$ cat structure.cif   # mmCIF, C-alpha atoms
data_structure
loop_
_atom_site.label_atom_id
_atom_site.label_comp_id
_atom_site.auth_asym_id
_atom_site.auth_seq_id
_atom_site.Cartn_x
_atom_site.Cartn_y
_atom_site.Cartn_z
CA MET A 1313 -22.94 -51.14 43.60
CA ARG A 1314 -19.38 -50.31 42.71
CA ALA A 1315 -19.71 -52.05 39.38
CA LEU A 1316 -22.84 -50.03 38.68
CA LEU A 1317 -21.02 -46.78 39.45
CA THR A 1318 -18.05 -47.54 37.27
CA ALA A 1319 -20.36 -48.60 34.51
CA SER A 1320 -22.56 -45.52 34.72
CA THR A 1321 -19.83 -42.88 34.96
CA PRO A 1322 -18.30 -43.33 31.50
CA ALA A 1323 -21.75 -43.27 29.92
CA SER A 1324 -22.60 -39.91 31.50
CA VAL A 1325 -19.18 -38.55 30.62
CA HIS A 1326 -19.71 -39.73 27.07
CA LEU A 1327 -23.10 -38.01 26.99
CA ALA A 1328 -21.62 -34.73 28.27
CA HIS A 1329 -18.88 -35.05 25.67
CA ALA A 1330 -21.39 -35.58 22.88
CA SER A 1331 -23.60 -32.71 24.02
CA ALA A 1332 -20.62 -30.33 24.16
CA TRP A 1333 -19.73 -31.28 20.60
CA ALA A 1334 -23.35 -30.84 19.54
CA VAL A 1335 -23.49 -27.34 21.04
CA PHE A 1336 -20.18 -26.47 19.39
CA ALA A 1337 -21.38 -27.70 15.99
CA ALA A 1338 -24.69 -25.84 16.25
CA GLY A 1339 -22.90 -22.65 17.24
CA ALA A 1340 -20.38 -23.04 14.43
CA VAL A 1341 -23.14 -23.49 11.84
CA LEU A 1342 -24.96 -20.40 13.16
CA ILE A 1343 -21.77 -18.32 13.21
CA LEU A 1344 -20.59 -19.23 9.72
CA SER A 1345 -23.99 -19.00 8.01
CA GLY A 1346 -24.71 -15.69 9.69
CA ALA A 1347 -21.31 -14.23 8.81
CA ILE A 1348 -21.56 -15.29 5.18
CA GLY A 1349 -25.06 -13.83 5.09
CA VAL A 1350 -23.83 -10.49 6.46
CA VAL A 1351 -21.22 -10.27 3.71
CA LEU A 1352 -23.26 -11.57 0.79
CA LEU A 1353 -26.79 -10.20 1.24
CA ARG A 1354 -27.45 -6.99 -0.64
CA ASN A 1355 -30.06 -5.44 1.64
CA PRO A 1356 -28.58 -3.93 4.83
CA VAL A 1357 -31.66 -4.98 6.84
CA HIS A 1358 -31.04 -8.61 5.93
CA SER A 1359 -27.37 -8.18 6.83
CA ALA A 1360 -28.35 -6.87 10.27
CA LEU A 1361 -30.65 -9.84 10.83
CA MET A 1362 -27.91 -12.27 9.80
CA LEU A 1363 -25.64 -10.46 12.27
CA VAL A 1364 -28.11 -11.49 14.99
CA VAL A 1365 -27.69 -15.13 13.92
CA THR A 1366 -23.91 -14.84 14.22
CA LEU A 1367 -24.15 -13.19 17.65
CA PHE A 1368 -26.42 -15.99 18.89
CA GLY A 1369 -23.90 -18.52 17.63
CA VAL A 1370 -21.08 -16.78 19.50
CA ALA A 1371 -23.25 -16.77 22.65
CA LEU A 1372 -23.72 -20.53 22.20
CA GLU A 1373 -19.96 -21.02 22.04
CA PHE A 1374 -19.62 -18.93 25.20
CA ILE A 1375 -22.10 -21.21 26.97
CA ASP A 1376 -20.24 -24.24 25.69
CA GLN A 1377 -17.08 -22.90 27.36
CA SER A 1378 -19.01 -22.14 30.58
CA ALA A 1379 -18.76 -18.37 30.23
CA ASP A 1380 -22.37 -17.96 31.31
CA PHE A 1381 -22.34 -14.29 32.20
CA LEU A 1382 -20.68 -13.28 28.94
CA ALA A 1383 -23.21 -15.30 26.95
CA ALA A 1384 -26.07 -13.44 28.63
CA VAL A 1385 -24.39 -10.08 28.11
CA GLN A 1386 -23.68 -11.01 24.50
CA ILE A 1387 -27.39 -11.57 23.88
CA ILE A 1388 -28.53 -8.53 25.83
CA VAL A 1389 -25.98 -5.98 24.65
CA TYR A 1390 -25.23 -7.16 21.12
CA ALA A 1391 -28.43 -8.77 19.89
CA GLY A 1392 -30.62 -6.57 22.05
CA ALA A 1393 -29.01 -3.15 21.80
CA VAL A 1394 -26.40 -2.96 19.06
CA VAL A 1395 -28.38 -4.65 16.30
CA ILE A 1396 -31.50 -2.69 17.22
CA LEU A 1397 -29.39 0.45 16.93
CA PHE A 1398 -28.23 -0.70 13.49
CA LEU A 1399 -31.79 -1.41 12.37
CA PHE A 1400 -32.95 1.89 13.80
CA VAL A 1401 -30.33 3.81 11.83
CA ILE A 1402 -31.14 1.84 8.64
CA MET A 1403 -34.85 2.60 8.95
CA PHE A 1404 -34.29 6.15 10.14
CA LEU A 1405 -32.08 7.08 7.23
CA GLY A 1406 -33.92 5.05 4.63
CA VAL A 1407 -30.72 3.54 3.30
CA ASP A 1408 -32.24 0.09 2.94
CA ARG A 1409 -31.96 0.14 -0.81
CA LYS A 1410 -29.54 -1.92 -2.75
CA GLU A 1411 -25.96 -0.94 -3.31
CA ARG A 1412 -25.02 0.62 -6.58
CA PHE A 1413 -22.44 -1.42 -8.37
CA LYS A 1414 -22.21 0.64 -11.52
CA ARG A 1415 -18.98 2.44 -10.66
CA GLU A 1416 -15.86 0.53 -9.81
CA PRO A 1417 -13.24 2.94 -8.51
CA PHE A 1418 -10.63 0.22 -8.36
CA ARG A 1419 -10.91 -2.38 -11.03
CA GLY A 1420 -10.71 -5.91 -9.69
CA GLN A 1421 -11.15 -4.78 -6.11
CA LYS A 1422 -13.50 -7.61 -5.19
CA PRO A 1423 -11.37 -10.55 -6.33
CA LEU A 1424 -8.37 -8.88 -4.71
CA ALA A 1425 -10.34 -8.48 -1.49
CA VAL A 1426 -11.35 -12.14 -1.50
CA ILE A 1427 -7.75 -13.21 -2.14
CA LEU A 1428 -6.56 -10.92 0.65
CA GLY A 1429 -9.14 -12.37 3.03
CA LEU A 1430 -8.04 -15.91 2.16
CA ILE A 1431 -4.41 -14.92 2.74
CA THR A 1432 -5.35 -13.46 6.14
CA LEU A 1433 -7.15 -16.64 7.07
CA ALA A 1434 -4.29 -18.87 5.88
CA GLU A 1435 -1.78 -16.79 7.81
CA ILE A 1436 -3.75 -17.06 11.03
CA LEU A 1437 -4.17 -20.80 10.60
CA ILE A 1438 -0.51 -21.39 9.72
CA LEU A 1439 0.68 -19.26 12.62
CA SER A 1440 -1.53 -21.19 14.97
CA ARG A 1441 -0.18 -24.50 13.65
CA VAL A 1442 3.42 -23.46 14.21
CA GLY A 1443 3.51 -23.32 17.98
CA ASN A 1444 1.41 -24.48 20.83
CA TRP A 1445 -2.02 -22.94 21.02
CA ALA A 1446 -1.74 -21.55 24.52
CA THR A 1447 1.51 -21.17 26.38
CA GLY A 1448 2.42 -19.40 29.57
CA GLN A 1449 1.45 -19.53 33.18
CA HIS A 1450 -1.97 -20.66 34.21
CA SER A 1451 -4.42 -18.61 36.27
CA VAL A 1452 -2.39 -15.41 36.44
CA ALA A 1453 -5.27 -12.97 36.74
CA GLY A 1454 -7.44 -15.32 38.79
CA ASP A 1455 -8.53 -18.92 38.82
CA LEU A 1456 -11.31 -19.80 36.43
CA TYR A 1457 -11.98 -23.25 37.85
CA GLY A 1458 -11.97 -22.37 41.55
CA PRO A 1459 -14.95 -22.44 43.88
CA GLY A 1460 -17.89 -20.17 43.18
CA THR A 1461 -19.98 -19.38 40.13
CA ASN A 1462 -18.70 -17.82 36.96
CA ILE A 1463 -20.43 -14.49 37.66
CA GLN A 1464 -18.99 -14.38 41.18
CA LYS A 1465 -15.43 -14.89 40.00
CA LEU A 1466 -15.77 -12.48 37.10
CA GLY A 1467 -17.25 -9.78 39.34
CA GLN A 1468 -14.55 -10.27 41.93
CA SER A 1469 -11.87 -9.95 39.26
CA ILE A 1470 -13.39 -6.84 37.70
CA TYR A 1471 -13.94 -5.04 40.99
CA THR A 1472 -10.51 -5.77 42.42
CA ARG A 1473 -7.85 -6.36 39.80
CA TYR A 1474 -9.51 -4.51 36.95
CA LEU A 1475 -11.06 -1.71 38.98
CA LEU A 1476 -9.25 1.14 37.23
CA PRO A 1477 -10.14 -0.02 33.69
CA PHE A 1478 -13.69 -0.54 34.88
CA GLU A 1479 -13.92 3.04 36.12
CA MET A 1480 -12.36 4.27 32.88
CA THR A 1481 -15.07 2.53 30.85
CA SER A 1482 -17.66 4.62 32.68
CA ALA A 1483 -15.87 7.79 31.57
CA LEU A 1484 -15.66 6.34 28.06
CA LEU A 1485 -19.41 5.69 27.96
CA VAL A 1486 -20.21 9.24 29.12
CA ILE A 1487 -17.90 10.67 26.45
CA ALA A 1488 -19.51 8.45 23.81
CA VAL A 1489 -23.03 9.54 24.75
CA VAL A 1490 -22.12 13.24 24.70
CA ALA A 1491 -20.28 12.83 21.40
CA THR A 1492 -23.26 11.10 19.81
CA VAL A 1493 -25.64 13.83 20.92
CA VAL A 1494 -23.32 16.46 19.45
CA LEU A 1495 -22.88 14.51 16.19
CA ALA A 1496 -26.52 13.68 15.61
CA ARG A 1497 -27.85 17.14 16.46
CA GLN A 1498 -29.55 19.02 13.65
CA GLN A 1499 -27.71 22.18 12.84
CA SER A 1500 -30.16 25.05 12.77
CA ARG A 1501 -29.87 27.12 9.62
CA ALA A 1502 -31.97 29.44 7.56
CA PRO A 1503 -34.33 27.83 5.02
CA GLY A 1504 -32.83 27.68 1.56
CA GLU A 1505 -29.33 28.11 2.79
CA LEU A 1506 -27.00 25.44 1.56
CA THR A 1507 -24.08 24.12 3.46
CA LYS A 1508 -20.69 24.33 1.81
CA ASP A 1509 -20.83 20.61 1.17
CA GLU A 1510 -24.13 20.79 -0.71
CA GLN A 1511 -22.96 23.77 -2.76
CA THR A 1512 -20.02 21.82 -4.02
CA VAL A 1513 -22.02 18.67 -4.60
CA LEU A 1514 -25.16 19.84 -6.36
CA PRO A 1515 -24.12 21.20 -9.79
CA GLY A 1516 -23.28 18.40 -12.17
CA SER A 1517 -22.31 15.99 -9.46
CA ASP A 1518 -22.20 12.25 -9.44
CA VAL A 1519 -24.76 12.08 -6.65
CA GLU A 1520 -28.13 11.61 -8.24
CA VAL A 1521 -30.07 14.44 -6.62
CA ALA A 1522 -31.93 15.60 -9.71
CA GLY A 1523 -32.84 12.13 -10.87
CA ARG A 1524 -34.83 11.21 -7.81
CA MET B 1253 -12.50 -29.83 28.69
CA THR B 1254 -14.47 -31.74 26.13
CA VAL B 1255 -14.19 -29.93 22.82
CA PRO B 1256 -10.51 -29.06 22.26
CA GLY B 1257 -9.76 -25.36 22.29
CA ALA B 1258 -8.15 -25.58 18.87
CA TRP B 1259 -11.57 -26.01 17.27
CA TYR B 1260 -12.81 -22.77 18.77
CA LEU B 1261 -9.69 -20.94 17.64
CA VAL B 1262 -10.06 -22.19 14.07
CA LEU B 1263 -13.73 -21.16 14.10
CA ALA B 1264 -12.75 -17.71 15.37
CA ALA B 1265 -10.08 -17.39 12.68
CA VAL B 1266 -12.60 -18.27 9.97
CA LEU B 1267 -15.06 -15.73 11.40
CA PHE B 1268 -12.33 -13.08 11.46
CA GLY B 1269 -11.42 -13.85 7.84
CA ILE B 1270 -15.03 -13.55 6.70
CA GLY B 1271 -15.38 -10.25 8.53
CA ALA B 1272 -12.16 -8.86 7.03
CA THR B 1273 -13.19 -9.94 3.52
CA GLY B 1274 -16.61 -8.37 3.98
CA LEU B 1275 -15.02 -5.14 5.12
CA LEU B 1276 -12.97 -5.05 1.92
CA VAL B 1277 -15.76 -6.13 -0.43
CA ARG B 1278 -18.77 -4.13 0.69
CA ARG B 1279 -19.37 -0.46 -0.11
CA ASN B 1280 -22.27 0.30 2.20
CA VAL B 1281 -20.89 1.99 5.30
CA LEU B 1282 -23.39 0.30 7.61
CA VAL B 1283 -22.57 -3.19 6.33
CA MET B 1284 -18.86 -2.44 6.64
CA PHE B 1285 -19.55 -1.53 10.24
CA MET B 1286 -21.35 -4.84 10.77
CA CYS B 1287 -18.29 -6.64 9.40
CA VAL B 1288 -16.20 -4.86 12.02
CA GLU B 1289 -18.60 -6.29 14.62
CA LEU B 1290 -18.00 -9.76 13.17
CA MET B 1291 -14.25 -9.34 13.62
CA LEU B 1292 -14.73 -8.09 17.19
CA ASN B 1293 -16.82 -11.15 17.99
CA ALA B 1294 -14.16 -13.44 16.56
CA VAL B 1295 -11.59 -11.93 18.90
CA SER B 1296 -13.99 -12.22 21.85
CA LEU B 1297 -14.39 -15.91 21.09
CA THR B 1298 -10.60 -16.26 21.04
CA PHE B 1299 -10.33 -14.53 24.42
CA VAL B 1300 -12.89 -16.85 26.01
CA THR B 1301 -11.19 -19.90 24.52
CA PHE B 1302 -7.77 -18.92 25.86
CA ALA B 1303 -9.36 -18.16 29.24
CA ARG B 1304 -10.66 -21.71 29.32
CA MET B 1305 -7.41 -23.26 28.09
CA LEU B 1306 -5.31 -21.40 30.67
CA GLY B 1307 -7.86 -21.53 33.46
CA ASP B 1308 -7.61 -17.77 33.74
CA ILE B 1309 -10.45 -15.36 34.49
CA GLY B 1310 -8.53 -12.51 32.82
CA GLY B 1311 -9.69 -13.54 29.35
CA GLN B 1312 -13.33 -13.29 30.31
CA ALA B 1313 -12.73 -9.92 31.99
CA SER B 1314 -11.13 -8.73 28.75
CA VAL B 1315 -14.23 -9.78 26.81
CA PHE B 1316 -16.30 -7.78 29.27
CA PHE B 1317 -14.28 -4.67 28.44
CA VAL B 1318 -14.40 -5.46 24.73
CA LEU B 1319 -18.20 -5.49 24.98
CA VAL B 1320 -18.26 -2.08 26.68
CA VAL B 1321 -15.85 -0.51 24.21
CA ALA B 1322 -17.72 -2.07 21.28
CA ALA B 1323 -20.98 -0.58 22.52
CA ALA B 1324 -19.39 2.88 22.76
CA GLU B 1325 -17.81 2.41 19.33
CA VAL B 1326 -21.13 1.48 17.75
CA VAL B 1327 -22.83 4.52 19.27
CA VAL B 1328 -20.21 6.97 18.03
CA GLY B 1329 -19.87 5.28 14.65
CA LEU B 1330 -23.59 5.30 13.98
CA GLY B 1331 -23.69 8.96 15.05
CA ILE B 1332 -21.05 9.75 12.44
CA ILE B 1333 -22.93 7.71 9.82
CA VAL B 1334 -26.17 9.59 10.61
CA ALA B 1335 -24.32 12.89 10.24
CA ILE B 1336 -22.87 11.80 6.88
CA PHE B 1337 -26.13 10.47 5.47
CA ARG B 1338 -27.97 13.61 6.51
CA ARG B 1339 -25.74 15.58 4.18
CA ARG B 1340 -25.37 13.07 1.35
CA PRO B 1341 -28.17 10.51 1.25
CA GLU B 1342 -26.71 8.35 -1.49
CA ALA B 1343 -23.20 8.14 -0.13
CA THR B 1344 -21.21 4.94 -0.20
CA ALA B 1345 -17.74 4.57 1.23
CA ASP B 1346 -16.22 5.67 -2.09
CA ASP B 1347 -18.09 8.97 -2.14
CA LEU B 1348 -16.61 10.11 1.14
CA HIS B 1349 -13.44 11.72 -0.11
CA MET B 1350 -13.92 15.23 1.22
CA LEU B 1351 -10.73 15.03 3.24
CA LYS B 1352 -8.76 13.92 0.21
CA GLY B 1353 -5.72 16.13 -0.38
#

$ encode --input "structure.cif" --output "structure tokens"
Amino acid sequence: MRALLTASTPASVHLAHASAWAVFAAGAVLILSGAIGVVLLRNPVHSALMLVVTLFGVALEFIDQSADFLAAVQIIVYAGAVVILFLFVIMFLGVDRKERFKREPFRGQKPLAVILGLITLAEILILSRVGNWATGQHSVAGDLYGPGTNIQKLGQSIYTRYLLPFEMTSALLVIAVVATVVLARQQSRAPGELTKDEQTVLPGSDVEVAGR
Amino acid sequence: MTVPGAWYLVLAAVLFGIGATGLLVRRNVLVMFMCVELMLNAVSLTFVTFARMLGDIGGQASVFFVLVVAAAEVVVGLGIIVAIFRRRPEATADDLHMLKG
């Protein structure tokens, strides 16, 4: 009996190990392919759909690190609400046509941007190689591995230690909703009247109003 | 702790780099905004990883607040974009120089 137990435990541990690596690899592939798709695809609708792929990959990594609640919220809020909002704005405004690349305000901006991105990445990686990854005291704001489920511990932390920030986010959300309503409202004006912006833009401008 | 936290941090760094590069390369305001979302997600992944490495619930609580603030940011940002595109339908990020001195 004891021999059976000692023989079976490493096998199950090995299986859990392998499955964690498999979930990590799948999430990494989803994240990287989605992110590259967001940057490279010309059509904004395709970019938004690739953003969904990346967000699913991040949710997978959350699950792999046993942040169950955050994974669910990631899917619901990001993939469910934010990307739908993006798609709604794209369809609503009809901006799903390709980017114009005829004018380059800064010559060589794109290679410079790629070089700058690579430098950013190299800096982050070098900095992280210099010291230890995570230093400091453990479990300052609350124990992650204690008894209870992940949601229970997270809720307890938010409603006790982080109560004031939590209440402030409610004020922030109300302000954001009011601001959006004010921003997106149609200004009522007389027909034929041009705004100051349109008056300056229309004659001989670089915006192709007459050509369309 | 099966997969070492370093792997997640490297993945998050790569995601952040791709998002930053996309923000610099693209001209479409909406796609630039999506790249900002990519960078936000990279930082969220870092927070969760450090929460696991330190056994601290504070990292996950921070990601919770990042999600809320990101939602508010998307709503306000898309409102601004709608307001801009209503005035100038063909605008890219380079055409928006009305505040230029």

$ residues_around --input "structure.cif" --residues "region 1418-1424 of chain A" --least-positions-apart "6" --cutoff "9 Å" --atoms "only C-alpha atoms" --output "list in words"
Leu1276, Val1277 and Arg1278 of chain B

$ residues_around --input "structure.cif" --residues "region 1385-1390 of chain A" --least-positions-apart "5" --cutoff "9 Å" --atoms "only C-alpha atoms" --output "PyMOL selection string"
(chain A and resi 1364+1367-1368+1370-1371+1374+1380+1395-1396) or (chain B and resi 1316+1319-1320+1323)

$ interface_residues --input "structure.cif" --of "chain B" --to "chain A" --cutoff "6 Å" --atoms "all atoms listed in the file" --output "PyMOL selection string"
chain B and resi 1254+1269+1273-1274+1276-1277+1306-1310+1324+1328+1331+1335

$ resolve_selection --input "structure.cif" --expression "the PyMOL selection byres ((chain B and resi 1299) around 8)" --output "list in words"
Val1295, Ser1296, Leu1297, Thr1298, Val1300, Thr1301, Phe1302, Ala1303, Gly1311, Gln1312, Ser1314 and Val1315 of chain B

$ write_last_selection --input "structure.cif" --atoms "C-alpha atoms" --output "PDB file, in the coordinates of the input"
ATOM      1  CA  VAL B1295     -11.590 -11.930  18.900  1.00  0.00           C
ATOM      2  CA  SER B1296     -13.990 -12.220  21.850  1.00  0.00           C
ATOM      3  CA  LEU B1297     -14.390 -15.910  21.090  1.00  0.00           C
ATOM      4  CA  THR B1298     -10.600 -16.260  21.040  1.00  0.00           C
ATOM      5  CA  VAL B1300     -12.890 -16.850  26.010  1.00  0.00           C
ATOM      6  CA  THR B1301     -11.190 -19.900  24.520  1.00  0.00           C
ATOM      7  CA  PHE B1302      -7.770 -18.920  25.860  1.00  0.00           C
ATOM      8  CA  ALA B1303      -9.360 -18.160  29.240  1.00  0.00           C
ATOM      9  CA  GLY B1311      -9.690 -13.540  29.350  1.00  0.00           C
ATOM     10  CA  GLN B1312     -13.330 -13.290  30.310  1.00  0.00           C
ATOM     11  CA  SER B1314     -11.130  -8.730  28.750  1.00  0.00           C
ATOM     12  CA  VAL B1315     -14.230  -9.780  26.810  1.00  0.00           C
TER      13      VAL B1315
END

$ atom_distance --input "structure.cif" --atom1 "CA of Ile1333 (chain B)" --atom2 "CA of Phe1317 (chain B)"
24.0 Å

$ atom_distance --input "structure.cif" --atom1 "CA of Glu1289 (chain B)" --atom2 "CA of Leu1439 (chain A)"
23.3 Å

$ closest_residue --input "structure.cif" --among "B:Leu1348, B:Ile1336, B:Val1327, B:Met1305" --to "Trp1259 (chain B)" --atoms "all atoms listed in the file"
B:Met1305

$ atom_distance --input "structure.cif" --atom1 "CA of Val1334 (chain B)" --atom2 "CA of Ala1294 (chain B)"
26.6 Å

$ build_atoms --input "structure.cif" --residues "region 1301-1311 of chain B" --atoms "all heavy atoms" --output "JSON list (two decimals), keeping the file's coordinate frame"
[["chain", "number", "residue", "atom", "x", "y", "z"],
["B", 1301, "THR", "N", -11.82, -18.59, 24.69],
["B", 1301, "THR", "CA", -11.19, -19.90, 24.52],
["B", 1301, "THR", "C", -9.86, -19.96, 25.26],
["B", 1301, "THR", "O", -9.57, -20.95, 25.95],
["B", 1301, "THR", "CB", -10.97, -20.16, 23.03],
["B", 1301, "THR", "OG1", -12.20, -20.03, 22.35],
["B", 1301, "THR", "CG2", -10.43, -21.55, 22.82],
["B", 1302, "PHE", "N", -9.06, -18.90, 25.15],
["B", 1302, "PHE", "CA", -7.77, -18.92, 25.86],
["B", 1302, "PHE", "C", -8.00, -18.87, 27.37],
["B", 1302, "PHE", "O", -7.22, -19.47, 28.13],
["B", 1302, "PHE", "CB", -6.91, -17.74, 25.41],
["B", 1302, "PHE", "CG", -6.20, -18.01, 24.12],
["B", 1302, "PHE", "CD1", -6.27, -17.11, 23.08],
["B", 1302, "PHE", "CD2", -5.46, -19.16, 23.95],
["B", 1302, "PHE", "CE1", -5.62, -17.35, 21.89],
["B", 1302, "PHE", "CE2", -4.81, -19.41, 22.75],
["B", 1302, "PHE", "CZ", -4.90, -18.50, 21.72],
["B", 1303, "ALA", "N", -9.05, -18.16, 27.81],
["B", 1303, "ALA", "CA", -9.36, -18.16, 29.24],
["B", 1303, "ALA", "C", -9.64, -19.57, 29.73],
["B", 1303, "ALA", "O", -9.20, -19.98, 30.81],
["B", 1303, "ALA", "CB", -10.57, -17.25, 29.51],
["B", 1304, "ARG", "N", -10.36, -20.34, 28.91],
["B", 1304, "ARG", "CA", -10.66, -21.71, 29.32],
["B", 1304, "ARG", "C", -9.41, -22.58, 29.27],
["B", 1304, "ARG", "O", -9.17, -23.41, 30.13],
["B", 1304, "ARG", "CB", -11.74, -22.30, 28.41],
["B", 1304, "ARG", "CG", -12.32, -23.58, 28.96],
["B", 1304, "ARG", "CD", -13.16, -24.26, 27.92],
["B", 1304, "ARG", "NE", -12.38, -24.61, 26.73],
["B", 1304, "ARG", "CZ", -12.70, -25.59, 25.93],
["B", 1304, "ARG", "NH1", -13.77, -26.31, 26.16],
["B", 1304, "ARG", "NH2", -11.98, -25.86, 24.86],
["B", 1305, "MET", "N", -8.58, -22.40, 28.23],
["B", 1305, "MET", "CA", -7.41, -23.26, 28.09],
["B", 1305, "MET", "C", -6.39, -23.00, 29.20],
["B", 1305, "MET", "O", -5.70, -23.91, 29.63],
["B", 1305, "MET", "CB", -6.75, -23.03, 26.73],
["B", 1305, "MET", "CG", -7.55, -23.58, 25.57],
["B", 1305, "MET", "SD", -6.94, -23.00, 24.00],
["B", 1305, "MET", "CE", -5.73, -24.26, 23.63],
["B", 1306, "LEU", "N", -6.29, -21.74, 29.64],
["B", 1306, "LEU", "CA", -5.31, -21.40, 30.67],
["B", 1306, "LEU", "C", -5.92, -21.36, 32.06],
["B", 1306, "LEU", "O", -5.21, -21.09, 33.03],
["B", 1306, "LEU", "CB", -4.66, -20.05, 30.36],
["B", 1306, "LEU", "CG", -3.73, -20.02, 29.15],
["B", 1306, "LEU", "CD1", -3.28, -18.62, 28.86],
["B", 1306, "LEU", "CD2", -2.53, -20.91, 29.40],
["B", 1307, "GLY", "N", -7.23, -21.60, 32.16],
["B", 1307, "GLY", "CA", -7.86, -21.53, 33.46],
["B", 1307, "GLY", "C", -7.77, -20.16, 34.11],
["B", 1307, "GLY", "O", -7.61, -20.04, 35.31],
["B", 1308, "ASP", "N", -7.88, -19.13, 33.29],
["B", 1308, "ASP", "CA", -7.61, -17.77, 33.74],
["B", 1308, "ASP", "C", -8.86, -16.92, 33.55],
["B", 1308, "ASP", "O", -9.44, -16.90, 32.46],
["B", 1308, "ASP", "CB", -6.45, -17.20, 32.92],
["B", 1308, "ASP", "CG", -5.83, -16.01, 33.59],
["B", 1308, "ASP", "OD1", -6.55, -15.29, 34.28],
["B", 1308, "ASP", "OD2", -4.61, -15.79, 33.42],
["B", 1309, "ILE", "N", -9.25, -16.19, 34.60],
["B", 1309, "ILE", "CA", -10.45, -15.36, 34.49],
["B", 1309, "ILE", "C", -10.17, -14.09, 33.70],
["B", 1309, "ILE", "O", -11.10, -13.41, 33.25],
["B", 1309, "ILE", "CB", -10.96, -15.02, 35.92],
["B", 1309, "ILE", "CG1", -12.41, -14.53, 35.89],
["B", 1309, "ILE", "CG2", -10.09, -13.97, 36.56],
["B", 1309, "ILE", "CD1", -13.40, -15.61, 35.68],
["B", 1310, "GLY", "N", -8.89, -13.76, 33.49],
["B", 1310, "GLY", "CA", -8.53, -12.51, 32.82],
["B", 1310, "GLY", "C", -9.08, -12.42, 31.41],
["B", 1310, "GLY", "O", -9.45, -11.35, 30.95],
["B", 1311, "GLY", "N", -9.15, -13.56, 30.70],
["B", 1311, "GLY", "CA", -9.69, -13.54, 29.35],
["B", 1311, "GLY", "C", -11.15, -13.14, 29.33],
["B", 1311, "GLY", "O", -11.57, -12.34, 28.49]]
